[in-house]
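> Compact mmCIF, C-alpha atoms, file start_2.txt:
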```txt
# COMPACT_ATOMS: atom_id res chain seq x y z
CA MET B 1 167.94 129.83 100.40
CA ASN B 2 167.36 127.69 97.38
CA THR B 3 170.64 126.22 96.22
CA HIS B 4 169.15 124.75 93.08
CA ASP B 5 167.80 128.07 91.81
CA ASP B 6 170.99 129.89 92.70
CA LEU B 7 173.10 127.45 90.78
CA VAL B 8 170.74 127.65 87.82
CA ARG B 9 171.03 131.40 87.80
CA ASP B 10 174.81 131.40 88.21
CA LEU B 11 175.18 128.92 85.36
CA GLU B 12 172.87 130.95 83.15
CA LEU B 13 175.01 134.00 83.84
CA ALA B 14 178.17 132.00 83.15
CA TYR B 15 176.81 130.81 79.80
CA PRO B 16 174.79 133.71 78.40
CA ASP B 17 172.48 133.15 75.45
CA ASP B 18 173.64 136.09 73.44
CA ALA B 19 171.04 137.13 70.86
CA ASP B 20 173.67 138.06 68.26
CA ASP B 21 175.34 134.67 68.60
CA LEU B 22 172.00 132.95 68.16
CA ARG B 23 171.22 135.04 65.08
CA GLN B 24 174.55 134.04 63.53
CA LEU B 25 174.01 130.41 64.40
CA HIS B 26 170.53 130.59 62.89
CA ALA B 27 171.94 131.98 59.64
CA ARG B 28 174.54 129.21 59.62
CA LEU B 29 171.79 126.64 60.14
CA VAL B 30 169.76 128.01 57.22
CA GLU B 31 172.83 127.85 54.98
CA ALA B 32 173.72 124.29 55.96
CA ALA B 33 170.10 123.12 55.71
CA GLN B 34 169.79 124.56 52.23
CA ARG B 35 173.09 123.04 51.16
CA GLU B 36 171.95 119.63 52.34
CA GLY B 37 168.50 120.01 50.84
CA VAL B 38 166.59 119.61 54.12
CA LEU B 39 164.95 123.02 54.22
CA ASP B 40 161.49 122.51 52.74
CA VAL B 41 159.85 125.85 53.50
CA THR B 42 161.37 129.26 54.17
CA TYR B 43 159.48 132.35 55.19
CA ARG B 44 159.81 136.01 55.94
CA THR B 45 157.53 138.97 56.57
CA ILE B 46 157.42 142.26 54.68
CA ASP B 47 155.75 145.55 55.51
CA SER B 48 153.25 146.79 52.95
CA PRO B 49 150.40 149.30 52.57
CA VAL B 50 148.03 146.42 53.38
CA GLY B 51 149.85 145.48 56.58
CA THR B 52 152.55 142.96 57.36
CA LEU B 53 152.51 140.13 54.84
CA LEU B 54 153.89 136.67 55.48
CA LEU B 55 155.67 135.17 52.46
CA ALA B 56 156.54 131.47 52.38
CA ALA B 57 158.39 129.60 49.65
CA THR B 58 159.39 126.09 48.77
CA GLU B 59 162.29 125.26 46.49
CA LEU B 60 159.80 125.60 43.60
CA GLY B 61 158.71 129.12 44.39
CA LEU B 62 156.35 131.28 46.39
CA VAL B 63 153.78 129.00 48.00
CA ARG B 64 151.89 131.27 50.40
CA VAL B 65 151.15 134.92 51.01
CA ALA B 66 149.20 135.65 54.18
CA TYR B 67 147.60 138.71 55.64
CA GLU B 68 148.04 139.45 59.33
CA SER B 69 144.32 138.79 59.82
CA GLU B 70 144.94 135.17 58.86
CA ASN B 71 147.26 134.82 61.91
CA HIS B 72 150.80 134.18 60.69
CA ASP B 73 151.54 131.63 63.41
CA ALA B 74 148.48 129.63 62.41
CA VAL B 75 149.44 129.87 58.73
CA LEU B 76 152.94 128.55 59.45
CA GLN B 77 151.51 125.73 61.55
CA HIS B 78 149.24 124.90 58.61
CA LEU B 79 152.21 124.85 56.22
CA GLY B 80 153.91 122.48 58.66
CA GLU B 81 150.98 120.13 58.32
CA GLN B 82 150.34 120.52 54.60
CA ILE B 83 153.87 120.68 53.21
CA SER B 84 156.57 119.93 55.79
CA PRO B 85 157.50 121.03 59.31
CA ARG B 86 161.05 121.67 58.08
CA ILE B 87 160.38 125.40 58.12
CA LEU B 88 162.86 128.16 58.92
CA GLU B 89 162.69 131.93 58.72
CA ALA B 90 165.11 132.79 55.93
CA PRO B 91 164.65 135.93 53.85
CA ALA B 92 167.21 134.99 51.17
CA ARG B 93 165.06 132.52 49.21
CA LEU B 94 162.31 135.17 49.10
CA GLY B 95 164.50 137.98 47.85
CA ALA B 96 163.16 138.12 44.28
CA ILE B 97 159.46 138.10 45.18
CA SER B 98 160.03 140.58 48.03
CA ARG B 99 161.62 143.03 45.61
CA GLU B 100 158.75 142.54 43.15
CA LEU B 101 156.19 143.19 45.86
CA ASP B 102 158.03 146.35 46.93
CA GLU B 103 157.93 147.53 43.31
CA TYR B 104 154.27 146.58 42.99
CA PHE B 105 153.29 148.53 46.10
CA ALA B 106 155.29 151.48 44.79
CA GLY B 107 153.18 151.36 41.61
CA ARG B 108 156.16 150.47 39.43
CA LEU B 109 155.41 146.82 38.69
CA GLN B 110 152.31 145.35 37.08
CA THR B 111 153.16 141.69 36.49
CA PHE B 112 154.87 139.33 38.90
CA THR B 113 157.46 137.04 37.35
CA ALA B 114 158.89 135.25 40.40
CA PRO B 115 158.10 131.50 40.27
CA LEU B 116 154.99 130.27 42.10
CA ASP B 117 154.37 126.93 43.78
CA ARG B 118 150.62 126.38 43.43
CA ARG B 119 150.45 123.13 45.36
CA LEU B 120 148.11 124.53 48.01
CA SER B 121 145.22 124.81 45.57
CA SER B 122 143.80 122.06 43.40
CA GLY B 123 140.93 121.15 41.13
CA PHE B 124 138.51 123.82 39.98
CA ARG B 125 139.79 126.30 42.57
CA ARG B 126 143.23 126.02 41.06
CA THR B 127 141.84 126.51 37.56
CA VAL B 128 140.05 129.64 38.75
CA LEU B 129 143.18 131.04 40.43
CA GLU B 130 145.30 130.34 37.34
CA ARG B 131 142.82 132.29 35.23
CA LEU B 132 142.91 135.33 37.51
CA THR B 133 146.14 136.56 35.93
CA ASP B 134 144.09 137.05 32.74
CA ILE B 135 142.52 140.05 34.46
CA ALA B 136 145.03 142.75 33.62
CA TYR B 137 146.53 145.12 36.15
CA GLY B 138 144.15 148.00 36.81
CA HIS B 139 141.14 146.06 35.51
CA THR B 140 138.44 144.13 37.33
CA ALA B 141 136.08 141.27 36.46
CA SER B 142 132.90 139.89 37.98
CA TYR B 143 132.70 136.51 39.68
CA ALA B 144 130.49 135.35 36.79
CA ALA B 145 133.04 136.47 34.21
CA VAL B 146 135.77 134.56 36.01
CA ALA B 147 133.54 131.47 36.16
CA GLU B 148 133.24 131.71 32.41
CA LEU B 149 136.99 132.19 32.01
CA ALA B 150 137.53 129.07 34.10
CA GLY B 151 135.26 127.09 31.78
CA ASN B 152 132.24 126.68 34.05
CA PRO B 153 129.90 129.71 33.75
CA ARG B 154 127.50 128.39 36.37
CA ALA B 155 130.16 127.95 39.08
CA VAL B 156 129.93 131.53 40.32
CA ARG B 157 129.86 130.54 43.98
CA ALA B 158 132.84 128.25 43.49
CA VAL B 159 134.75 131.21 42.08
CA GLY B 160 133.92 133.10 45.25
CA THR B 161 135.25 130.21 47.34
CA ALA B 162 138.41 129.97 45.23
CA CYS B 163 139.08 133.66 45.74
CA ALA B 164 138.34 133.47 49.46
CA THR B 165 140.85 130.63 49.86
CA ASN B 166 143.52 132.01 47.52
CA PRO B 167 146.86 130.93 49.05
CA LEU B 168 148.70 133.64 47.10
CA PRO B 169 146.71 136.88 47.53
CA VAL B 170 148.10 140.08 45.96
CA VAL B 171 150.37 138.06 43.64
CA VAL B 172 147.43 136.05 42.28
CA PRO B 173 145.02 138.96 41.90
CA CYS B 174 141.77 137.81 43.46
CA HIS B 175 141.31 141.43 44.54
CA ARG B 176 140.41 142.21 40.92
CA VAL B 177 137.22 140.14 41.16
CA LEU B 178 134.11 142.18 42.05
CA ARG B 179 130.39 141.57 42.33
CA ALA B 180 128.32 141.84 39.14
CA ASP B 181 126.84 145.15 40.36
CA GLY B 182 130.34 146.58 40.70
CA THR B 183 130.39 146.53 44.51
CA LEU B 184 133.47 145.29 46.25
CA GLY B 185 132.51 141.81 47.38
CA GLY B 186 134.44 139.99 50.07
CA TYR B 187 138.20 139.74 50.41
CA LEU B 188 140.32 137.49 52.57
CA GLY B 189 142.51 140.44 53.57
CA GLY B 190 139.49 142.57 54.47
CA SER B 191 137.65 145.08 52.29
CA ASP B 192 140.06 147.89 53.23
CA ALA B 193 142.95 145.89 51.76
CA LYS B 194 140.95 145.18 48.60
CA ARG B 195 140.12 148.87 48.23
CA THR B 196 143.78 149.83 48.79
CA LEU B 197 145.01 147.43 46.10
CA LEU B 198 142.41 148.52 43.56
CA ALA B 199 143.15 152.20 44.24
CA LEU B 200 146.87 151.53 43.85
CA GLU B 201 146.32 149.83 40.51
CA SER B 202 143.93 152.43 39.13
CA ALA B 203 146.26 155.28 40.10
CA ALA B 204 149.30 153.87 38.33
CA MET I 1 155.79 137.31 64.75
CA ALA I 2 153.22 137.14 67.41
CA THR I 3 154.42 137.30 70.95
CA SER I 4 153.20 135.28 73.87
CA ILE I 5 152.81 136.59 77.34
CA ALA I 6 153.31 134.26 80.25
CA ARG I 7 151.61 135.13 83.51
CA TRP I 8 152.24 133.59 86.87
CA SER I 9 149.13 133.12 88.91
CA GLY I 10 149.45 131.20 92.12
CA GLY I 11 150.85 127.87 91.04
CA GLU I 12 150.08 127.96 87.33
CA TYR I 13 151.38 129.60 84.26
CA THR I 14 148.81 130.91 81.86
CA ILE I 15 149.80 132.07 78.45
CA ASP I 16 148.04 134.55 76.23
CA LEU I 17 148.32 133.62 72.60
CA PRO I 18 146.94 135.17 69.45
CA ASN I 19 144.36 132.41 69.21
CA GLY I 20 143.10 133.06 72.69
CA PRO I 21 144.21 133.02 76.29
CA GLY I 22 145.59 129.88 77.80
CA ASN I 23 145.46 127.79 74.64
CA PRO I 24 146.08 124.41 76.27
CA SER I 25 147.92 122.89 73.32
CA ILE I 26 150.54 125.58 73.65
CA VAL I 27 150.68 125.71 77.43
CA ARG I 28 151.94 122.17 77.37
CA ASP I 29 154.53 122.86 74.75
CA ARG I 30 157.94 122.68 76.36
CA SER I 31 159.38 124.55 73.40
CA MET I 32 157.97 127.72 74.89
CA ARG I 33 159.95 127.31 78.08
CA ALA I 34 162.83 129.53 77.13
CA ARG I 35 160.42 132.42 76.67
CA TYR I 36 158.89 131.78 80.06
CA ALA I 37 162.34 131.57 81.55
CA ARG I 38 163.05 135.03 80.21
CA ALA I 39 159.72 136.37 81.40
CA ARG I 40 160.43 134.84 84.79
CA GLY I 41 163.87 136.41 84.85
CA ARG I 42 162.34 139.82 84.35
CA SER I 43 159.66 139.31 86.96
CA ARG I 44 162.30 138.26 89.44
CA VAL I 45 164.24 141.41 88.85
CA GLN I 46 161.17 143.59 89.12
CA SER I 47 159.44 141.99 92.04
CA GLY I 48 162.23 140.22 93.85
CA ILE I 49 159.93 137.23 94.19
CA ARG I 50 161.65 133.89 93.84
CA ILE I 51 159.78 131.28 91.91
CA LYS I 52 160.78 127.69 92.33
CA ARG I 53 162.03 126.31 89.07
CA SER I 54 160.24 123.05 89.72
CA HIS I 55 156.98 124.93 89.32
CA LEU I 56 157.98 126.08 85.90
CA THR I 57 158.30 122.71 84.26
CA PHE I 58 155.34 121.81 82.14
CA ALA I 59 154.23 118.47 83.37
CA ALA I 60 151.62 117.76 80.78
CA THR I 61 153.74 116.21 78.04
CA GLU I 62 152.38 112.82 78.99
CA THR I 63 148.79 113.94 78.51
CA SER I 64 149.29 115.48 75.12
CA THR I 65 149.77 113.43 72.02
CA ASP I 66 150.19 115.92 69.25
CA VAL I 67 151.67 118.95 70.95
CA ASN I 68 154.79 119.07 68.83
CA HIS I 69 153.31 117.54 65.76
CA ASN I 70 154.31 119.43 62.62
CA VAL I 71 155.18 122.56 64.56
CA PRO I 72 157.38 124.63 62.24
CA PHE I 73 161.01 123.90 63.04
CA GLU I 74 161.63 127.62 63.42
CA ARG I 75 159.65 127.47 66.66
CA ILE I 76 161.85 124.64 67.90
CA VAL I 77 164.92 126.76 67.25
CA ALA I 78 163.31 129.84 68.82
CA GLY I 79 162.14 127.89 71.86
CA HIS I 80 165.24 125.76 72.55
CA GLY I 81 168.14 127.41 70.71
CA ALA I 82 169.29 129.42 73.71
CA THR I 83 169.15 126.50 76.14
CA VAL I 84 171.00 124.20 73.76
CA LEU I 85 173.65 126.89 73.25
CA ARG I 86 174.15 127.20 77.03
CA VAL I 87 174.41 123.42 77.28
CA CYS I 88 176.94 123.22 74.44
CA ARG I 89 178.99 126.00 76.03
CA ALA I 90 178.91 124.25 79.38
CA VAL I 91 180.18 120.92 78.05
CA LEU I 92 182.62 122.13 75.36
CA ASP I 93 185.11 124.90 74.72
CA PRO I 94 183.55 128.08 73.29
CA ALA I 95 184.63 127.62 69.66
CA ASP I 96 183.51 124.00 69.65
CA ALA I 97 180.20 124.92 71.27
CA ASP I 98 179.08 126.81 68.16
CA ASP I 99 179.92 123.81 65.97
CA ALA I 100 178.05 121.50 68.31
CA TRP I 101 174.99 123.78 68.26
CA SER I 102 175.03 123.94 64.45
CA GLU I 103 175.43 120.20 64.03
CA THR I 104 172.77 119.51 66.64
CA PHE I 105 170.12 121.63 64.95
CA LEU I 106 171.04 120.43 61.45
CA SER I 107 170.69 116.81 62.60
CA ALA I 108 167.48 117.66 64.41
CA LEU I 109 166.06 119.35 61.30
CA LYS I 110 166.81 116.25 59.22
CA ALA I 111 165.15 113.91 61.70
CA TYR I 112 162.37 116.29 62.70
CA PRO I 113 159.56 114.98 60.46
CA HIS I 114 160.04 111.55 62.06
CA LEU I 115 159.99 112.76 65.66
CA PRO I 116 157.11 110.96 67.39
CA PRO I 117 154.21 113.23 68.33
CA GLY I 118 154.36 114.30 71.97
CA ALA I 119 158.10 113.66 72.25
CA ASN I 120 160.01 115.73 74.77
CA VAL I 121 161.76 118.04 72.33
CA GLU I 122 164.28 119.44 74.78
CA ALA I 123 165.43 115.99 75.92
CA TRP I 124 165.67 114.96 72.28
CA LEU I 125 167.80 118.00 71.41
CA VAL I 126 170.06 117.51 74.44
CA THR I 127 170.52 113.87 73.43
CA ILE I 128 171.66 114.94 69.97
CA ALA I 129 173.86 117.70 71.42
CA HIS I 130 175.43 115.19 73.80
CA ARG I 131 176.42 112.91 70.90
CA LYS I 132 177.71 115.81 68.82
CA ALA I 133 179.77 117.06 71.77
CA ILE I 134 181.33 113.62 72.19
CA ASP I 135 182.12 113.46 68.46
CA ILE I 136 183.72 116.89 68.56
CA ALA I 137 185.72 116.13 71.72
CA ARG I 138 186.99 112.90 70.12
CA ALA I 139 187.97 114.67 66.92
CA MET I 140 189.82 117.27 69.00
CA ALA I 141 191.64 114.54 70.92
CA ARG I 142 192.71 112.91 67.65
CA ARG I 143 194.00 116.19 66.28
CA ALA I 144 195.77 117.23 69.47
CA LEU I 145 199.53 116.69 69.59
CA PRO I 146 200.71 114.66 72.53
CA VAL I 147 202.24 116.88 75.19
CA GLY I 148 204.73 115.75 77.79
CA GLU I 149 203.11 117.63 80.58
CA VAL I 150 199.53 118.68 81.05
CA PRO I 151 199.47 122.47 81.28
CA GLU I 152 198.45 123.90 84.61
CA SER I 153 194.97 125.28 84.84
CA PRO I 154 195.19 129.03 84.88
CA GLU I 155 195.24 130.43 88.39
CA LEU I 156 192.45 132.73 89.39
CA ASP I 157 193.80 136.16 90.18
CA GLY I 158 190.46 137.57 91.24
CA THR I 159 190.22 140.00 88.35
CA GLU I 160 187.99 137.91 86.11
CA ALA I 161 184.26 138.35 86.23
CA PRO I 162 182.75 135.85 88.66
CA ASP I 163 180.60 134.33 85.94
CA HIS I 164 183.66 133.55 83.89
CA ASP I 165 185.18 131.94 86.95
CA LEU I 166 182.27 129.57 87.18
CA ALA I 167 182.63 128.66 83.50
CA GLY I 168 186.33 128.09 84.11
CA ALA I 169 185.65 125.91 87.12
CA MET I 170 183.08 123.95 85.12
CA SER I 171 185.63 123.37 82.35
CA ARG I 172 188.01 121.80 84.89
CA LEU I 173 185.40 119.28 86.07
CA PRO I 174 185.45 115.74 84.67
CA ALA I 175 183.40 115.57 81.46
CA LYS I 176 180.62 113.50 82.98
CA GLN I 177 180.08 115.90 85.88
CA ARG I 178 179.99 118.86 83.49
CA GLN I 179 177.44 117.08 81.33
CA VAL I 180 175.16 116.09 84.18
CA ILE I 181 175.22 119.59 85.68
CA ALA I 182 174.50 121.16 82.28
CA TYR I 183 171.68 118.79 81.42
CA HIS I 184 170.05 119.04 84.83
CA TYR I 185 170.55 122.68 85.76
CA LEU I 186 170.62 124.35 82.33
CA ALA I 187 168.31 122.09 80.33
CA GLY I 188 166.16 121.18 83.33
CA LEU I 189 166.12 117.46 82.57
CA PRO I 190 165.39 114.95 85.35
CA TYR I 191 168.24 112.63 86.37
CA ALA I 192 166.46 109.56 84.97
CA GLU I 193 166.42 111.16 81.54
CA ILE I 194 170.05 112.19 81.91
CA GLY I 195 170.99 108.63 82.84
CA THR I 196 169.46 107.47 79.56
CA ILE I 197 171.33 110.11 77.60
CA ILE I 198 174.80 109.57 79.05
CA GLY I 199 174.39 105.86 79.77
CA GLY I 200 173.89 104.94 83.41
CA SER I 201 171.36 105.09 86.19
CA ALA I 202 169.53 108.08 87.54
CA ASP I 203 171.37 107.64 90.83
CA ALA I 204 174.75 107.65 89.12
CA ALA I 205 173.79 110.85 87.32
CA ARG I 206 172.62 112.44 90.57
CA ARG I 207 175.88 111.46 92.30
CA ALA I 208 177.97 112.86 89.43
CA ALA I 209 176.09 116.16 89.70
CA ALA I 210 176.53 116.26 93.48
CA ASP I 211 180.26 115.56 93.17
CA GLY I 212 180.63 118.24 90.52
CA ILE I 213 178.72 120.80 92.54
CA ALA I 214 180.78 119.97 95.65
CA THR I 215 183.92 120.78 93.64
CA LEU I 216 182.40 123.99 92.27
CA ARG I 217 181.46 125.02 95.80
CA ARG I 218 185.00 124.56 97.03
CA THR I 219 186.10 127.10 94.42
CA PHE I 220 182.99 129.24 94.67
CA PRO I 221 181.64 129.22 98.19
CA HIS I 222 179.04 131.79 97.16
CA ILE I 223 177.19 129.34 94.93
CA PRO I 224 174.84 128.03 97.58
CA ASN I 225 174.36 131.43 99.14
CA ARG I 226 174.03 134.40 96.87
CA LYS I 227 173.64 136.77 99.80
CA GLY I 228 177.35 136.39 100.34
CA ARG I 229 178.06 137.73 96.86
CA THR I 230 179.45 141.19 96.70
CA SER I 231 180.10 141.47 92.99
```
Hey, can you dump this file as structure tokens for me?


Amino acid sequence: MNTHDDLVRDLELAYPDDADDLRQLHARLVEAAQREGVLDVTYRTIDSPVGTLLLAATELGLVRVAYESENHDAVLQHLGEQISPRILEAPARLGAISRELDEYFAGRLQTFTAPLDRRLSSGFRRTVLERLTDIAYGHTASYAAVAELAGNPRAVRAVGTACATNPLPVVVPCHRVLRADGTLGGYLGGSDAKRTLLALESAA
Amino acid sequence: MATSIARWSGGEYTIDLPNGPGNPSIVRDRSMRARYARARGRSRVQSGIRIKRSHLTFAATETSTDVNHNVPFERIVAGHGATVLRVCRAVLDPADADDAWSETFLSALKAYPHLPPGANVEAWLVTIAHRKAIDIARAMARRALPVGEVPESPELDGTEAPDHDLAGAMSRLPAKQRQVIAYHYLAGLPYAEIGTIIGGSADAARRAAADGIATLRRTFPHIPNRKGRTS
């Protein structure tokens, strides 16, 4: 008979780790951390027609949208390295953008107004991504056209890279960029997701 | 969020993670221990097989340098929140335990970016919790009105749940014995580490635990032998 294990088990029964208590304590921690300004990144997930999306925000705004195929755990780890490891799951700070996304997926919203934090993209890629909002809802543009919009008509491949590494897919509409021949082209969320978004926008 | 599955296979735990089975950087991560503990609890119930707790400790913290580096704090809370709550409840009264847990994780969050890579996160959290518990106990003592007579400990009438009895018996132990038992048996820390946390040698910590357990056993003879338990 193993006394050590028995005592461990008895103590664990005597002091249960109630899930509800832990949820409440977690909420209290989020509140206190925000009050003291030590919560650098918050995140939540939402269900959508293109799968579960991870949304992450800093105090400046939405900083990352990630498809499931990007591996949400890996994305969060990356945010820990690139921004700060002070990361907690906290839906409240993402309330506005979550509601906008719900409206968007319901076909009732065409332009996102929630603030964005674009710190994860820089240089020409950032210029490209900032120009993407010039492509109106329900419209598409070719990679070459976007290169021209971004002020460098020959940088077609760089536009492709910028789209493929868009930290804010759906909200920053890289899905509206197609090949010159009108075929779909690649998409970081997979071609099914790109097709779904384009169909949603053309139906509305 | 993605789930991990811990499997026991003859002396080793392997963990399946989204990025592939047995990802060594995660296997070594002590923050995952609470999940394994739960998985182990289930397997015990299902199979009746007893697994020695000593086998469950991940020994590789000394070989890994960046295991905990920049891991999102959410994972620290998910991995250690339950254990720290048990520890706080074991060393403080229930209402104070919640405050201690909250203050521990808020302090930890503040200091987290400066935690050295490869640090033993659970020992670090227990160290913070220990200090917070002392602060709270002191504040309580200052607020408490002096009483002429120390109230009697409530007598056991045999109607309480046995698990509550153990918590009650723990609460009547001297503070140091409670702490050492909580840190060793609930947090799984070695006595040397506990000595550093509470101030003193490993041997002194081991003796305090032994004394405390001897007292608990006098009240609860079933502790060393669960077969004698009828409840």

> What's the 7 Å shell around Lys132 of chain I, counting all atoms listed in the file, without same-chain residues fewer than 6 positions away, as a list in words?

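Selected residues are Ala100, Glu103 and Thr104 of chain I.
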
> Identify every residue of chain B that has at least one atom within 8 Å of any atom of chain I, counting only C-alpha atoms, and report the result as a PyMOL selection string.

chain B and resi 1-8+10-18+22+25+28-29+32-33+38+71-73+76-77+79-81+84-89

> How about saving the chosen residues, C-alpha atoms kept, as an mmCIF file, in the coordinates of the input?


```
data_model
loop_
_atom_site.group_PDB
_atom_site.id
_atom_site.type_symbol
_atom_site.label_atom_id
_atom_site.label_comp_id
_atom_site.auth_asym_id
_atom_site.auth_seq_id
_atom_site.Cartn_x
_atom_site.Cartn_y
_atom_site.Cartn_z
ATOM 1 C CA MET B 1 167.940 129.830 100.400
ATOM 2 C CA ASN B 2 167.360 127.690 97.380
ATOM 3 C CA THR B 3 170.640 126.220 96.220
ATOM 4 C CA HIS B 4 169.150 124.750 93.080
ATOM 5 C CA ASP B 5 167.800 128.070 91.810
ATOM 6 C CA ASP B 6 170.990 129.890 92.700
ATOM 7 C CA LEU B 7 173.100 127.450 90.780
ATOM 8 C CA VAL B 8 170.740 127.650 87.820
ATOM 9 C CA ASP B 10 174.810 131.400 88.210
ATOM 10 C CA LEU B 11 175.180 128.920 85.360
ATOM 11 C CA GLU B 12 172.870 130.950 83.150
ATOM 12 C CA LEU B 13 175.010 134.000 83.840
ATOM 13 C CA ALA B 14 178.170 132.000 83.150
ATOM 14 C CA TYR B 15 176.810 130.810 79.800
ATOM 15 C CA PRO B 16 174.790 133.710 78.400
ATOM 16 C CA ASP B 17 172.480 133.150 75.450
ATOM 17 C CA ASP B 18 173.640 136.090 73.440
ATOM 18 C CA LEU B 22 172.000 132.950 68.160
ATOM 19 C CA LEU B 25 174.010 130.410 64.400
ATOM 20 C CA ARG B 28 174.540 129.210 59.620
ATOM 21 C CA LEU B 29 171.790 126.640 60.140
ATOM 22 C CA ALA B 32 173.720 124.290 55.960
ATOM 23 C CA ALA B 33 170.100 123.120 55.710
ATOM 24 C CA VAL B 38 166.590 119.610 54.120
ATOM 25 C CA ASN B 71 147.260 134.820 61.910
ATOM 26 C CA HIS B 72 150.800 134.180 60.690
ATOM 27 C CA ASP B 73 151.540 131.630 63.410
ATOM 28 C CA LEU B 76 152.940 128.550 59.450
ATOM 29 C CA GLN B 77 151.510 125.730 61.550
ATOM 30 C CA LEU B 79 152.210 124.850 56.220
ATOM 31 C CA GLY B 80 153.910 122.480 58.660
ATOM 32 C CA GLU B 81 150.980 120.130 58.320
ATOM 33 C CA SER B 84 156.570 119.930 55.790
ATOM 34 C CA PRO B 85 157.500 121.030 59.310
ATOM 35 C CA ARG B 86 161.050 121.670 58.080
ATOM 36 C CA ILE B 87 160.380 125.400 58.120
ATOM 37 C CA LEU B 88 162.860 128.160 58.920
ATOM 38 C CA GLU B 89 162.690 131.930 58.720
#
```

> Determine, for each residue of segment 134-193 of chain B having at least one atom at most 12 Å from an atom of segment 112-128 of chain B, the closest pair of atoms and their separation in Å to one decimal, counting only C-alpha atoms; order by chain and ascending number, as CSV.


```
residue,atom,partner,partner_atom,distance
B:Asp134,CA,B:Val128,CA,10.4
B:Ile135,CA,B:Val128,CA,11.5
B:Ala136,CA,B:Phe112,CA,11.7
B:Tyr137,CA,B:Phe112,CA,10.5
B:Tyr143,CA,B:Val128,CA,10.1
B:Ala144,CA,B:Val128,CA,11.3
B:Ala145,CA,B:Val128,CA,10.8
B:Val146,CA,B:Val128,CA,7.1
B:Ala147,CA,B:Val128,CA,7.2
B:Glu148,CA,B:Val128,CA,9.5
B:Leu149,CA,B:Val128,CA,7.8
B:Ala150,CA,B:Val128,CA,5.3
B:Gly151,CA,B:Thr127,CA,8.8
B:Asn152,CA,B:Phe124,CA,9.1
B:Pro153,CA,B:Val128,CA,11.3
B:Ala155,CA,B:Phe124,CA,9.4
B:Val156,CA,B:Val128,CA,10.4
B:Arg157,CA,B:Arg125,CA,10.9
B:Ala158,CA,B:Arg125,CA,7.3
B:Val159,CA,B:Val128,CA,6.5
B:Gly160,CA,B:Arg125,CA,9.4
B:Thr161,CA,B:Arg125,CA,7.7
B:Ala162,CA,B:Arg125,CA,4.7
B:Cys163,CA,B:Arg125,CA,8.0
B:Ala164,CA,B:Arg125,CA,10.0
B:Thr165,CA,B:Ser121,CA,8.4
B:Asn166,CA,B:Ser121,CA,7.7
B:Pro167,CA,B:Leu120,CA,6.6
B:Leu168,CA,B:Arg118,CA,8.4
B:Pro169,CA,B:Leu116,CA,11.9
B:Val170,CA,B:Phe112,CA,9.8
B:Val171,CA,B:Phe112,CA,6.7
B:Val172,CA,B:Phe112,CA,8.8
B:Pro173,CA,B:Phe112,CA,10.3
B:Cys174,CA,B:Val128,CA,9.6
B:Val177,CA,B:Val128,CA,11.1
```

> Just to confirm, what's the straight-line distance from atom CA of Arg131 of chain I to atom CA of Glu36 of chain B in Å (one decimal)?

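Here the two named atoms are 20.2 Å from each other.
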
> Please identify every residue of segment 50-150 of chain B that has at least one atom no farther than 12 Å from an atom of segment 185-188 of chain B, counting all atoms listed in the file, and for each give the shortest atom pair and the distance in Å to one decimal, arranged by chain then increasing number, as a Markdown table.


```
| residue | atom | partner | partner_atom | distance |
| --- | --- | --- | --- | --- |
| B:Val50 | CA | B:Leu188 | CA | 11.8 |
| B:Val65 | CA | B:Leu188 | CA | 11.2 |
| B:Ala66 | CA | B:Leu188 | CA | 9.2 |
| B:Tyr67 | CA | B:Leu188 | CA | 8.0 |
| B:Glu68 | CA | B:Leu188 | CA | 10.4 |
| B:Ser69 | CA | B:Leu188 | CA | 8.4 |
| B:Glu70 | CA | B:Leu188 | CA | 8.1 |
| B:Asn71 | CA | B:Leu188 | CA | 11.9 |
| B:Thr140 | CA | B:Gly185 | CA | 11.9 |
| B:Ala141 | CA | B:Gly185 | CA | 11.5 |
| B:Ser142 | CA | B:Gly185 | CA | 9.6 |
| B:Tyr143 | CA | B:Gly185 | CA | 9.3 |
```

> May I have the residues from that selection written out with C-alpha atoms, as an mmCIF file, in the coordinates of the input?


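As written to disk, result_36.cif reads:
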```
data_model
loop_
_atom_site.group_PDB
_atom_site.id
_atom_site.type_symbol
_atom_site.label_atom_id
_atom_site.label_comp_id
_atom_site.auth_asym_id
_atom_site.auth_seq_id
_atom_site.Cartn_x
_atom_site.Cartn_y
_atom_site.Cartn_z
ATOM 1 C CA VAL B 50 148.030 146.420 53.380
ATOM 2 C CA VAL B 65 151.150 134.920 51.010
ATOM 3 C CA ALA B 66 149.200 135.650 54.180
ATOM 4 C CA TYR B 67 147.600 138.710 55.640
ATOM 5 C CA GLU B 68 148.040 139.450 59.330
ATOM 6 C CA SER B 69 144.320 138.790 59.820
ATOM 7 C CA GLU B 70 144.940 135.170 58.860
ATOM 8 C CA ASN B 71 147.260 134.820 61.910
ATOM 9 C CA THR B 140 138.440 144.130 37.330
ATOM 10 C CA ALA B 141 136.080 141.270 36.460
ATOM 11 C CA SER B 142 132.900 139.890 37.980
ATOM 12 C CA TYR B 143 132.700 136.510 39.680
#
```

> Residues within 9 Å of Arg206 of chain I, please, as a PyMOL selection string. Count all atoms listed in the file; anything in the same chain fewer than 2 positions from it doesn't count.

chain I and resi 180+191-192+195+201-204+208-211

> Would you be able to write out as an MDAnalysis selection string which residues have an atom within 12 Å of (166.4, 139.3, 52.4) in the file's coordinates, counting only C-alpha atoms?

chainID B and resid 27 42:46 55 89:99
